[in-house]
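Shown below: work_38.tsv, with TSV, N, CA and C atoms and all ligand atoms.
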chain	number	residue	atom	x	y	z
P	1	MET	N	97.91	114.13	118.94
P	1	MET	CA	99.15	114.05	119.70
P	1	MET	C	100.06	112.98	119.10
P	2	GLN	N	101.29	113.33	118.87
P	2	GLN	CA	102.25	112.36	118.35
P	2	GLN	C	102.62	111.35	119.43
P	3	ARG	N	102.98	110.17	118.99
P	3	ARG	CA	103.22	109.10	119.96
P	3	ARG	C	104.38	109.41	120.89
P	4	HIS	N	105.40	110.04	120.36
P	4	HIS	CA	106.55	110.31	121.23
P	4	HIS	C	106.23	111.38	122.27
P	5	GLU	N	105.16	112.11	122.04
P	5	GLU	CA	104.76	113.15	122.99
P	5	GLU	C	103.97	112.59	124.17
P	6	LEU	N	103.57	111.34	124.07
P	6	LEU	CA	102.79	110.74	125.15
P	6	LEU	C	103.64	110.53	126.39
P	7	ARG	N	104.93	110.43	126.21
P	7	ARG	CA	105.85	110.16	127.31
P	7	ARG	C	105.41	108.95	128.13
P	8	LEU	N	105.16	107.87	127.42
P	8	LEU	CA	104.72	106.65	128.08
P	8	LEU	C	105.88	105.93	128.74
P	9	ALA	N	105.57	105.19	129.77
P	9	ALA	CA	106.56	104.32	130.38
P	9	ALA	C	106.93	103.23	129.37
P	10	PRO	N	108.17	102.74	129.41
P	10	PRO	CA	108.59	101.71	128.45
P	10	PRO	C	107.67	100.49	128.42
P	11	VAL	N	107.08	100.17	129.56
P	11	VAL	CA	106.22	98.99	129.63
P	11	VAL	C	104.95	99.16	128.80
P	12	MET	N	104.63	100.39	128.43
P	12	MET	CA	103.44	100.63	127.59
P	12	MET	C	103.75	100.53	126.10
P	13	ALA	N	105.01	100.52	125.74
P	13	ALA	CA	105.37	100.53	124.32
P	13	ALA	C	104.81	99.34	123.54
P	14	PRO	N	104.84	98.12	124.09
P	14	PRO	CA	104.30	96.98	123.32
P	14	PRO	C	102.81	97.05	123.09
P	15	VAL	N	102.12	97.94	123.78
P	15	VAL	CA	100.67	98.07	123.63
P	15	VAL	C	100.33	98.71	122.28
P	16	LEU	N	101.18	99.64	121.84
P	16	LEU	CA	100.84	100.46	120.66
P	16	LEU	C	100.63	99.64	119.39
P	17	PRO	N	101.53	98.69	119.06
P	17	PRO	CA	101.29	97.89	117.86
P	17	PRO	C	100.03	97.04	117.94
P	18	VAL	N	99.66	96.62	119.14
P	18	VAL	CA	98.43	95.84	119.30
P	18	VAL	C	97.21	96.72	119.02
P	19	VAL	N	97.25	97.96	119.49
P	19	VAL	CA	96.17	98.89	119.22
P	19	VAL	C	96.05	99.13	117.71
P	20	ASP	N	97.19	99.34	117.07
P	20	ASP	CA	97.18	99.55	115.61
P	20	ASP	C	96.54	98.38	114.89
P	21	LEU	N	96.92	97.18	115.32
P	21	LEU	CA	96.42	95.96	114.69
P	21	LEU	C	94.90	95.85	114.83
P	22	VAL	N	94.39	96.08	116.02
P	22	VAL	CA	92.96	95.94	116.27
P	22	VAL	C	92.17	96.99	115.49
P	23	PHE	N	92.68	98.23	115.48
P	23	PHE	CA	91.97	99.28	114.74
P	23	PHE	C	92.00	99.00	113.24
P	24	LYS	N	93.12	98.49	112.76
P	24	LYS	CA	93.23	98.19	111.33
P	24	LYS	C	92.17	97.16	110.94
P	25	ARG	N	91.93	96.22	111.86
P	25	ARG	CA	90.99	95.14	111.57
P	25	ARG	C	89.54	95.60	111.69
P	26	TYR	N	89.25	96.40	112.72
P	26	TYR	CA	87.85	96.71	113.02
P	26	TYR	C	87.43	98.11	112.54
P	27	ALA	N	88.39	98.98	112.34
P	27	ALA	CA	88.05	100.34	111.90
P	27	ALA	C	89.15	100.85	110.97
P	28	PRO	N	89.29	100.20	109.81
P	28	PRO	CA	90.42	100.50	108.92
P	28	PRO	C	90.45	101.94	108.42
P	29	ARG	N	89.33	102.62	108.45
P	29	ARG	CA	89.30	103.99	107.96
P	29	ARG	C	89.58	105.03	109.04
P	30	THR	N	89.68	104.58	110.28
P	30	THR	CA	89.88	105.51	111.38
P	30	THR	C	91.35	105.56	111.78
P	31	ARG	N	91.90	106.76	111.81
P	31	ARG	CA	93.27	106.93	112.25
P	31	ARG	C	93.32	106.82	113.77
P	32	VAL	N	94.26	106.03	114.26
P	32	VAL	CA	94.38	105.86	115.71
P	32	VAL	C	94.99	107.11	116.32
P	33	GLU	N	94.30	107.66	117.30
P	33	GLU	CA	94.81	108.85	117.98
P	33	GLU	C	94.90	108.58	119.48
P	34	PHE	N	96.07	108.81	120.00
P	34	PHE	CA	96.27	108.63	121.43
P	34	PHE	C	96.28	109.97	122.14
P	35	THR	N	95.86	109.93	123.37
P	35	THR	CA	96.07	111.10	124.23
P	35	THR	C	96.70	110.58	125.51
P	36	ALA	N	97.50	111.39	126.10
P	36	ALA	CA	98.20	110.93	127.30
P	36	ALA	C	97.26	110.82	128.48
P	37	GLY	N	96.10	111.47	128.38
P	37	GLY	CA	95.18	111.42	129.50
P	37	GLY	C	95.37	112.61	130.43
P	38	ARG	N	96.54	113.14	130.45
P	38	ARG	CA	96.81	114.29	131.33
P	38	ARG	C	95.87	115.44	131.02
P	39	GLU	N	95.61	115.63	129.72
P	39	GLU	CA	94.78	116.75	129.30
P	39	GLU	C	93.31	116.39	129.32
P	40	TRP	N	93.03	115.14	129.50
P	40	TRP	CA	91.65	114.70	129.31
P	40	TRP	C	90.91	114.54	130.61
P	41	PHE	N	90.50	113.37	130.89
P	41	PHE	CA	89.45	113.19	131.89
P	41	PHE	C	89.94	112.64	133.22
P	42	HIS	N	91.21	112.47	133.35
P	42	HIS	CA	91.66	111.65	134.47
P	42	HIS	C	92.39	112.43	135.55
P	43	HIS	N	92.23	113.71	135.54
P	43	HIS	CA	92.98	114.51	136.50
P	43	HIS	C	92.73	114.02	137.92
P	44	GLY	N	93.80	113.62	138.56
P	44	GLY	CA	93.70	113.24	139.96
P	44	GLY	C	93.05	111.90	140.20
P	45	ARG	N	92.54	111.28	139.16
P	45	ARG	CA	91.83	110.02	139.38
P	45	ARG	C	92.72	108.82	139.07
P	46	TRP	N	93.40	108.88	137.96
P	46	TRP	CA	94.24	107.76	137.56
P	46	TRP	C	95.70	108.18	137.64
P	47	SER	N	96.32	107.89	138.73
P	47	SER	CA	97.71	108.28	138.88
P	47	SER	C	98.59	107.59	137.85
P	48	LEU	N	98.11	106.49	137.28
P	48	LEU	CA	98.90	105.77	136.28
P	48	LEU	C	99.17	106.64	135.06
P	49	HIS	N	98.29	107.59	134.79
P	49	HIS	CA	98.53	108.50	133.68
P	49	HIS	C	99.73	109.40	133.98
P	50	HIS	N	99.83	109.84	135.20
P	50	HIS	CA	100.90	110.77	135.55
P	50	HIS	C	102.27	110.13	135.40
P	51	SER	N	102.33	108.83	135.61
P	51	SER	CA	103.61	108.13	135.50
P	51	SER	C	103.81	107.52	134.11
P	52	GLY	N	102.85	107.75	133.20
P	52	GLY	CA	102.99	107.21	131.85
P	52	GLY	C	102.63	105.75	131.73
P	53	HIS	N	101.94	105.21	132.73
P	53	HIS	CA	101.56	103.80	132.70
P	53	HIS	C	100.13	103.58	132.21
P	54	ALA	N	99.59	104.60	131.56
P	54	ALA	CA	98.26	104.48	130.98
P	54	ALA	C	98.15	105.40	129.78
P	55	LEU	N	97.29	105.01	128.86
P	55	LEU	CA	97.04	105.89	127.72
P	55	LEU	C	95.56	105.84	127.39
P	56	ASP	N	95.11	106.85	126.68
P	56	ASP	CA	93.74	106.88	126.21
P	56	ASP	C	93.73	106.90	124.69
P	57	ILE	N	92.76	106.21	124.11
P	57	ILE	CA	92.58	106.22	122.67
P	57	ILE	C	91.30	107.00	122.37
P	58	ARG	N	91.43	107.94	121.46
P	58	ARG	CA	90.26	108.73	121.06
P	58	ARG	C	89.31	107.84	120.27
P	59	THR	N	88.04	107.81	120.62
P	59	THR	CA	87.10	106.96	119.90
P	59	THR	C	85.96	107.76	119.25
P	60	ARG	N	85.93	109.06	119.47
P	60	ARG	CA	84.91	109.91	118.84
P	60	ARG	C	84.95	109.81	117.33
P	61	THR	N	86.15	109.52	116.79
P	61	THR	CA	86.33	109.51	115.34
P	61	THR	C	85.91	108.18	114.72
P	62	LEU	N	85.53	107.22	115.53
P	62	LEU	CA	85.04	105.95	114.99
P	62	LEU	C	83.65	106.14	114.39
P	63	PRO	N	83.25	105.24	113.48
P	63	PRO	CA	81.92	105.37	112.86
P	63	PRO	C	80.78	105.43	113.89
P	64	ASP	N	80.95	104.80	115.05
P	64	ASP	CA	79.89	104.84	116.06
P	64	ASP	C	80.12	105.94	117.11
P	65	HIS	N	81.09	106.81	116.82
P	65	HIS	CA	81.41	107.95	117.69
P	65	HIS	C	81.80	107.54	119.10
P	66	GLY	N	82.24	106.32	119.23
P	66	GLY	CA	82.79	105.90	120.51
P	66	GLY	C	81.79	105.40	121.52
P	67	VAL	N	80.54	105.27	121.12
P	67	VAL	CA	79.52	104.88	122.10
P	67	VAL	C	78.68	103.68	121.64
P	68	GLY	N	79.07	103.05	120.54
P	68	GLY	CA	78.24	101.97	120.00
P	68	GLY	C	78.91	100.61	120.12
P	69	ALA	N	78.33	99.67	119.40
P	69	ALA	CA	78.78	98.29	119.46
P	69	ALA	C	80.22	98.13	118.96
P	70	LEU	N	80.57	98.91	117.94
P	70	LEU	CA	81.92	98.79	117.39
P	70	LEU	C	82.98	99.16	118.42
P	71	SER	N	82.79	100.25	119.10
P	71	SER	CA	83.76	100.68	120.11
P	71	SER	C	83.86	99.67	121.26
P	72	ALA	N	82.71	99.17	121.67
P	72	ALA	CA	82.70	98.16	122.74
P	72	ALA	C	83.45	96.91	122.30
P	73	ARG	N	83.24	96.54	121.03
P	73	ARG	CA	83.90	95.37	120.47
P	73	ARG	C	85.42	95.58	120.42
P	74	ILE	N	85.83	96.76	119.98
P	74	ILE	CA	87.26	97.05	119.90
P	74	ILE	C	87.89	96.96	121.28
P	75	ALA	N	87.21	97.51	122.29
P	75	ALA	CA	87.76	97.45	123.65
P	75	ALA	C	87.90	96.01	124.12
P	76	LYS	N	86.91	95.19	123.81
P	76	LYS	CA	86.93	93.79	124.23
P	76	LYS	C	88.05	93.03	123.53
P	77	VAL	N	88.18	93.25	122.21
P	77	VAL	CA	89.22	92.57	121.46
P	77	VAL	C	90.61	93.03	121.91
P	78	LEU	N	90.72	94.31	122.22
P	78	LEU	CA	92.00	94.84	122.72
P	78	LEU	C	92.42	94.10	123.99
P	79	GLN	N	91.47	93.94	124.91
P	79	GLN	CA	91.79	93.24	126.14
P	79	GLN	C	92.23	91.80	125.85
P	80	GLU	N	91.51	91.13	124.98
P	80	GLU	CA	91.82	89.74	124.64
P	80	GLU	C	93.19	89.63	123.99
P	81	MET	N	93.49	90.56	123.08
P	81	MET	CA	94.76	90.50	122.37
P	81	MET	C	95.94	90.85	123.27
P	82	LEU	N	95.74	91.82	124.14
P	82	LEU	CA	96.82	92.18	125.07
P	82	LEU	C	97.11	91.01	126.00
P	83	ASP	N	96.05	90.36	126.46
P	83	ASP	CA	96.22	89.17	127.31
P	83	ASP	C	96.99	88.08	126.58
P	84	ALA	N	96.59	87.85	125.32
P	84	ALA	CA	97.18	86.75	124.55
P	84	ALA	C	98.63	87.02	124.17
P	85	ARG	N	98.92	88.27	123.83
P	85	ARG	CA	100.24	88.58	123.28
P	85	ARG	C	101.24	89.02	124.33
P	86	LEU	N	100.77	89.72	125.34
P	86	LEU	CA	101.72	90.32	126.29
P	86	LEU	C	101.61	89.73	127.69
P	87	GLY	N	100.69	88.79	127.86
P	87	GLY	CA	100.56	88.15	129.16
P	87	GLY	C	99.21	88.42	129.77
P	88	PRO	N	98.60	87.36	130.35
P	88	PRO	CA	97.26	87.52	130.90
P	88	PRO	C	97.21	88.58	131.99
P	89	LYS	N	96.29	89.51	131.84
P	89	LYS	CA	96.02	90.54	132.85
P	89	LYS	C	97.19	91.46	133.14
P	90	ARG	N	98.16	91.51	132.26
P	90	ARG	CA	99.24	92.49	132.44
P	90	ARG	C	98.71	93.90	132.22
P	91	TYR	N	97.74	94.01	131.31
P	91	TYR	CA	97.18	95.32	130.97
P	91	TYR	C	95.68	95.26	131.16
P	92	ARG	N	95.11	96.41	131.45
P	92	ARG	CA	93.67	96.46	131.66
P	92	ARG	C	93.06	97.50	130.73
P	93	VAL	N	92.02	97.11	130.04
P	93	VAL	CA	91.33	98.00	129.12
P	93	VAL	C	90.02	98.45	129.76
P	94	LEU	N	89.80	99.75	129.80
P	94	LEU	CA	88.54	100.28	130.32
P	94	LEU	C	87.82	101.00	129.18
P	95	TYR	N	86.56	100.64	128.99
P	95	TYR	CA	85.76	101.23	127.92
P	95	TYR	C	84.83	102.28	128.50
P	96	ASN	N	85.02	103.51	128.07
P	96	ASN	CA	84.17	104.63	128.51
P	96	ASN	C	83.94	104.64	130.02
P	97	ASP	N	85.04	104.55	130.75
P	97	ASP	CA	84.91	104.52	132.21
P	97	ASP	C	84.50	105.88	132.77
P	98	GLN	N	84.51	106.90	131.92
P	98	GLN	CA	84.05	108.22	132.35
P	98	GLN	C	82.64	108.51	131.85
P	99	GLY	N	82.00	107.48	131.31
P	99	GLY	CA	80.63	107.66	130.82
P	99	GLY	C	80.59	107.98	129.34
P	100	PRO	N	79.42	107.84	128.73
P	100	PRO	CA	79.27	108.00	127.28
P	100	PRO	C	79.48	109.42	126.79
P	101	THR	N	79.48	110.41	127.67
P	101	THR	CA	79.69	111.77	127.21
P	101	THR	C	81.17	112.05	127.00
P	102	LYS	N	82.02	111.14	127.48
P	102	LYS	CA	83.47	111.30	127.29
P	102	LYS	C	84.05	110.02	126.71
P	103	PRO	N	83.65	109.71	125.47
P	103	PRO	CA	84.02	108.41	124.92
P	103	PRO	C	85.52	108.28	124.69
P	104	HIS	N	86.08	107.21	125.19
P	104	HIS	CA	87.48	106.87	124.94
P	104	HIS	C	87.73	105.47	125.45
P	105	ILE	N	88.83	104.89	125.01
P	105	ILE	CA	89.28	103.61	125.56
P	105	ILE	C	90.56	103.86	126.32
P	106	HIS	N	90.57	103.42	127.54
P	106	HIS	CA	91.73	103.63	128.44
P	106	HIS	C	92.45	102.29	128.59
P	107	ILE	N	93.76	102.32	128.44
P	107	ILE	CA	94.56	101.10	128.66
P	107	ILE	C	95.62	101.42	129.71
P	108	GLN	N	95.71	100.58	130.70
P	108	GLN	CA	96.71	100.81	131.74
P	108	GLN	C	97.50	99.55	132.03
P	109	PHE	N	98.72	99.76	132.47
P	109	PHE	CA	99.55	98.67	132.95
P	109	PHE	C	98.97	98.22	134.28
P	110	ASN	N	98.71	96.93	134.39
P	110	ASN	CA	98.03	96.43	135.57
P	110	ASN	C	99.02	96.15	136.69
P	111	LYS	N	99.09	97.08	137.61
P	111	LYS	CA	100.07	96.95	138.68
P	111	LYS	C	99.79	95.74	139.57
P	112	GLY	N	98.54	95.31	139.61
P	112	GLY	CA	98.19	94.23	140.52
P	112	GLY	C	98.60	92.85	140.07
P	113	ALA	N	98.93	92.68	138.79
P	113	ALA	CA	99.16	91.33	138.28
P	113	ALA	C	100.48	91.20	137.55
P	114	ARG	N	101.41	92.04	137.84
P	114	ARG	CA	102.65	91.99	137.07
P	114	ARG	C	103.65	91.01	137.68
P	115	MET	N	104.55	90.60	136.84
P	115	MET	CA	105.59	89.68	137.26
P	115	MET	C	106.87	90.43	137.63
P	116	SER	N	106.93	91.70	137.29
P	116	SER	CA	108.14	92.46	137.58
P	116	SER	C	107.77	93.90	137.92
P	117	GLU	N	108.66	94.63	138.48
P	117	GLU	CA	108.43	96.04	138.79
P	117	GLU	C	108.75	96.88	137.56
P	118	PRO	N	108.11	98.04	137.43
P	118	PRO	CA	108.42	98.90	136.28
P	118	PRO	C	109.91	99.20	136.16
P	119	GLY	N	110.60	99.31	137.26
P	119	GLY	CA	112.03	99.58	137.22
P	119	GLY	C	112.82	98.52	136.47
P	120	ASP	N	112.34	97.28	136.52
P	120	ASP	CA	113.01	96.20	135.81
P	120	ASP	C	113.01	96.47	134.31
P	121	TRP	N	111.90	97.02	133.86
P	121	TRP	CA	111.75	97.29	132.42
P	121	TRP	C	112.57	98.50	132.03
P	122	GLU	N	112.49	99.52	132.86
P	122	GLU	CA	113.19	100.74	132.51
P	122	GLU	C	114.69	100.51	132.47
P	123	ALA	N	115.17	99.54	133.22
P	123	ALA	CA	116.60	99.24	133.19
P	123	ALA	C	116.97	98.37	132.00
P	124	GLY	N	115.97	98.02	131.21
P	124	GLY	CA	116.25	97.23	130.02
P	124	GLY	C	116.30	95.74	130.31
P	125	ASN	N	115.93	95.35	131.51
P	125	ASN	CA	115.94	93.94	131.87
P	125	ASN	C	114.61	93.30	131.50
P	126	ARG	N	114.60	92.56	130.44
P	126	ARG	CA	113.35	91.95	129.98
P	126	ARG	C	113.33	90.46	130.29
P	127	SER	N	114.18	90.03	131.20
P	127	SER	CA	114.28	88.59	131.46
P	127	SER	C	113.02	88.06	132.13
P	128	ASN	N	112.22	88.96	132.71
P	128	ASN	CA	111.01	88.51	133.37
P	128	ASN	C	109.82	88.43	132.42
P	129	LEU	N	110.05	88.80	131.20
P	129	LEU	CA	108.96	88.80	130.23
P	129	LEU	C	108.53	87.38	129.94
P	130	ALA	N	107.26	87.11	130.17
P	130	ALA	CA	106.76	85.75	129.96
P	130	ALA	C	106.65	85.45	128.48
L	201	ZN	ZN	92.68	107.11	130.79

Produce structure tokens that represent the structure in this file.
Amino acid sequence: MQRHELRLAPVMAPVLPVVDLVFKRYAPRTRVEFTAGREWFHHGRWSLHHSGHALDIRTRTLPDHGVGALSARIAKVLQEMLDARLGPKRYRVLYNDQGPTKPHIHIQFNKGARMSEPGDWEAGNRSNLA
């Protein structure tokens, strides 16, 4: 899926370069593939996908097929880097939250810890950005 097809909320845009960076470092041979989640595992469970406030990263293509130490490490580093670069707990990374038979990394905008409403971002007002 192409990135522009994900139809992500603007608040998710800064996540993409961080994902690229982490994959480049930990899995340089693996092409990063996103899925919007709509087609995948989250039907009716994660409403954040429906509004574009969450994305899934395909991990089956990683050397550990998304279920080993490398994938777990990538998920952990992603959380740490998102916290460090975009603000603590603004985003939440879930590693294989649907179990090992559906390997993926899910990243969502953390509605519980934000400093502004999504509407602030969509209006182009970034003054609340820490
Ligand atoms: Zn998801």

- Item | Expected selection as a ChimeraX atom specification for ligand ZN 201 (chain L) within 5 Å, only N, CA and C atoms and all ligand atoms | /P:55-56,106

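Taking atom N of P:His53 as the reference point, atom C of P:Val93 is found at 14.0 Å.
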
- Of P:Leu82, P:Ala69, P:Phe34, P:Gly52, the one sitting nearest P:Val15 when using only N, CA and C atoms is P:Leu82

- Query: How many Å lie between atom N of P:Thr61 and atom CA of P:Pro100, rounded to one decimal?
  - Reply: 12.6 Å

- Which one is closest to P:Leu86: P:Asp20, P:Pro14, P:Thr59, P:His50? Count only N, CA and C atoms.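 Nearest to P:Leu86: P:Pro14.
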
- Query: Where does DSSP see strand (DSSP E) in stretch 19-107 of chain P, if you list the residues as a ChimeraX atom specification?
  - Reply: /P:34-35,54-58,91-95,104-107

Using only N, CA and C atoms, please write the residues we just selected to a file, as a short mmCIF file (atom, residue, chain, number, x, y, z; two decimals), in the coordinates of the input.
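Everything below was put into again-v7.cif:
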data_model
loop_
_atom_site.label_atom_id
_atom_site.label_comp_id
_atom_site.auth_asym_id
_atom_site.auth_seq_id
_atom_site.Cartn_x
_atom_site.Cartn_y
_atom_site.Cartn_z
N PHE P 34 96.07 108.81 120.00
CA PHE P 34 96.27 108.63 121.43
C PHE P 34 96.28 109.97 122.14
N THR P 35 95.86 109.93 123.37
CA THR P 35 96.07 111.10 124.23
C THR P 35 96.70 110.58 125.51
N ALA P 54 99.59 104.60 131.56
CA ALA P 54 98.26 104.48 130.98
C ALA P 54 98.15 105.40 129.78
N LEU P 55 97.29 105.01 128.86
CA LEU P 55 97.04 105.89 127.72
C LEU P 55 95.56 105.84 127.39
N ASP P 56 95.11 106.85 126.68
CA ASP P 56 93.74 106.88 126.21
C ASP P 56 93.73 106.90 124.69
N ILE P 57 92.76 106.21 124.11
CA ILE P 57 92.58 106.22 122.67
C ILE P 57 91.30 107.00 122.37
N ARG P 58 91.43 107.94 121.46
CA ARG P 58 90.26 108.73 121.06
C ARG P 58 89.31 107.84 120.27
N TYR P 91 97.74 94.01 131.31
CA TYR P 91 97.18 95.32 130.97
C TYR P 91 95.68 95.26 131.16
N ARG P 92 95.11 96.41 131.45
CA ARG P 92 93.67 96.46 131.66
C ARG P 92 93.06 97.50 130.73
N VAL P 93 92.02 97.11 130.04
CA VAL P 93 91.33 98.00 129.12
C VAL P 93 90.02 98.45 129.76
N LEU P 94 89.80 99.75 129.80
CA LEU P 94 88.54 100.28 130.32
C LEU P 94 87.82 101.00 129.18
N TYR P 95 86.56 100.64 128.99
CA TYR P 95 85.76 101.23 127.92
C TYR P 95 84.83 102.28 128.50
N HIS P 104 86.08 107.21 125.19
CA HIS P 104 87.48 106.87 124.94
C HIS P 104 87.73 105.47 125.45
N ILE P 105 88.83 104.89 125.01
CA ILE P 105 89.28 103.61 125.56
C ILE P 105 90.56 103.86 126.32
N HIS P 106 90.57 103.42 127.54
CA HIS P 106 91.73 103.63 128.44
C HIS P 106 92.45 102.29 128.59
N ILE P 107 93.76 102.32 128.44
CA ILE P 107 94.56 101.10 128.66
C ILE P 107 95.62 101.42 129.71
#

- Given only C-alpha atoms as the counted atoms, nearest of P:Ala72, P:Val19, P:Leu94, P:Leu62 to P:Asn110: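 Checking each of P:Ala72, P:Val19, P:Leu94, P:Leu62 against P:Asn110, counting only C-alpha atoms, the winner is P:Leu94.
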
Could you pull stretch 41-114 of chain P out of the structure just shown and give C-alpha atoms as a short mmCIF file (atom, residue, chain, number, x, y, z; two decimals), in the first residue's frame?
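Below is the file part-v2.cif, written as the result:
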data_model
loop_
_atom_site.label_atom_id
_atom_site.label_comp_id
_atom_site.auth_asym_id
_atom_site.auth_seq_id
_atom_site.Cartn_x
_atom_site.Cartn_y
_atom_site.Cartn_z
CA PHE P 41 -7.09 -7.24 11.86
CA HIS P 42 -8.78 -4.38 13.56
CA HIS P 43 -12.29 -4.37 12.26
CA GLY P 44 -14.50 -2.88 14.89
CA ARG P 45 -11.83 -3.10 17.54
CA TRP P 46 -9.64 -0.06 17.01
CA SER P 47 -11.75 2.86 16.02
CA LEU P 48 -8.54 4.87 15.71
CA HIS P 49 -7.91 3.09 12.43
CA HIS P 50 -11.19 4.28 11.01
CA SER P 51 -10.28 7.89 11.68
CA GLY P 52 -6.72 7.48 10.39
CA HIS P 53 -5.16 7.85 13.84
CA ALA P 54 -3.44 4.49 13.70
CA LEU P 55 -1.36 2.51 11.28
CA ASP P 56 0.02 -0.98 11.05
CA ILE P 57 3.48 -1.98 9.87
CA ARG P 58 3.87 -5.31 8.13
CA THR P 59 6.49 -7.38 9.95
CA ARG P 60 6.17 -10.75 8.19
CA THR P 61 8.87 -9.58 5.79
CA LEU P 62 11.43 -9.11 8.56
CA PRO P 63 14.14 -11.77 8.97
CA ASP P 64 12.34 -13.08 12.08
CA HIS P 65 8.96 -13.04 10.29
CA GLY P 66 7.55 -10.65 12.82
CA VAL P 67 7.58 -12.95 15.81
CA GLY P 68 11.16 -12.90 17.09
CA ALA P 69 13.54 -10.77 19.08
CA LEU P 70 14.22 -8.39 16.21
CA SER P 71 10.58 -7.42 15.78
CA ALA P 72 10.13 -7.00 19.51
CA ARG P 73 13.24 -4.82 19.59
CA ILE P 74 12.00 -2.67 16.71
CA ALA P 75 8.67 -2.13 18.47
CA LYS P 76 10.45 -1.13 21.68
CA VAL P 77 12.84 1.25 19.92
CA LEU P 78 9.94 2.75 17.98
CA GLN P 79 8.15 3.58 21.21
CA GLU P 80 11.30 5.10 22.71
CA MET P 81 12.04 7.17 19.62
CA LEU P 82 8.48 8.42 19.23
CA ASP P 83 8.51 9.45 22.88
CA ALA P 84 11.86 11.20 22.52
CA ARG P 85 11.17 12.97 19.23
CA LEU P 86 7.46 13.71 19.23
CA GLY P 87 6.65 13.90 22.92
CA PRO P 88 6.34 11.41 25.74
CA LYS P 89 3.36 9.07 25.34
CA ARG P 90 1.89 10.99 22.43
CA TYR P 91 1.93 7.76 20.44
CA ARG P 92 1.52 4.17 21.51
CA VAL P 93 3.21 1.20 19.89
CA LEU P 94 1.59 -2.22 20.18
CA TYR P 95 3.59 -5.30 19.24
CA ASN P 96 1.57 -8.22 17.91
CA ASP P 97 -1.49 -7.24 19.88
CA GLN P 98 -3.48 -9.69 17.78
CA GLY P 99 -1.18 -12.57 18.65
CA PRO P 100 1.75 -14.20 16.86
CA THR P 101 -0.40 -15.58 14.04
CA LYS P 102 -1.04 -12.01 12.86
CA PRO P 103 2.35 -10.38 13.22
CA HIS P 104 2.44 -6.61 12.87
CA ILE P 105 3.37 -3.47 14.74
CA HIS P 106 0.51 -1.09 15.45
CA ILE P 107 1.12 2.60 16.15
CA GLN P 108 -1.65 4.87 17.32
CA PHE P 109 -2.04 8.46 18.35
CA ASN P 110 -2.55 8.35 22.08
CA LYS P 111 -5.77 10.15 22.74
CA GLY P 112 -5.30 9.88 26.48
CA ALA P 113 -2.11 11.90 26.74
CA ARG P 114 -2.29 14.59 24.13
#
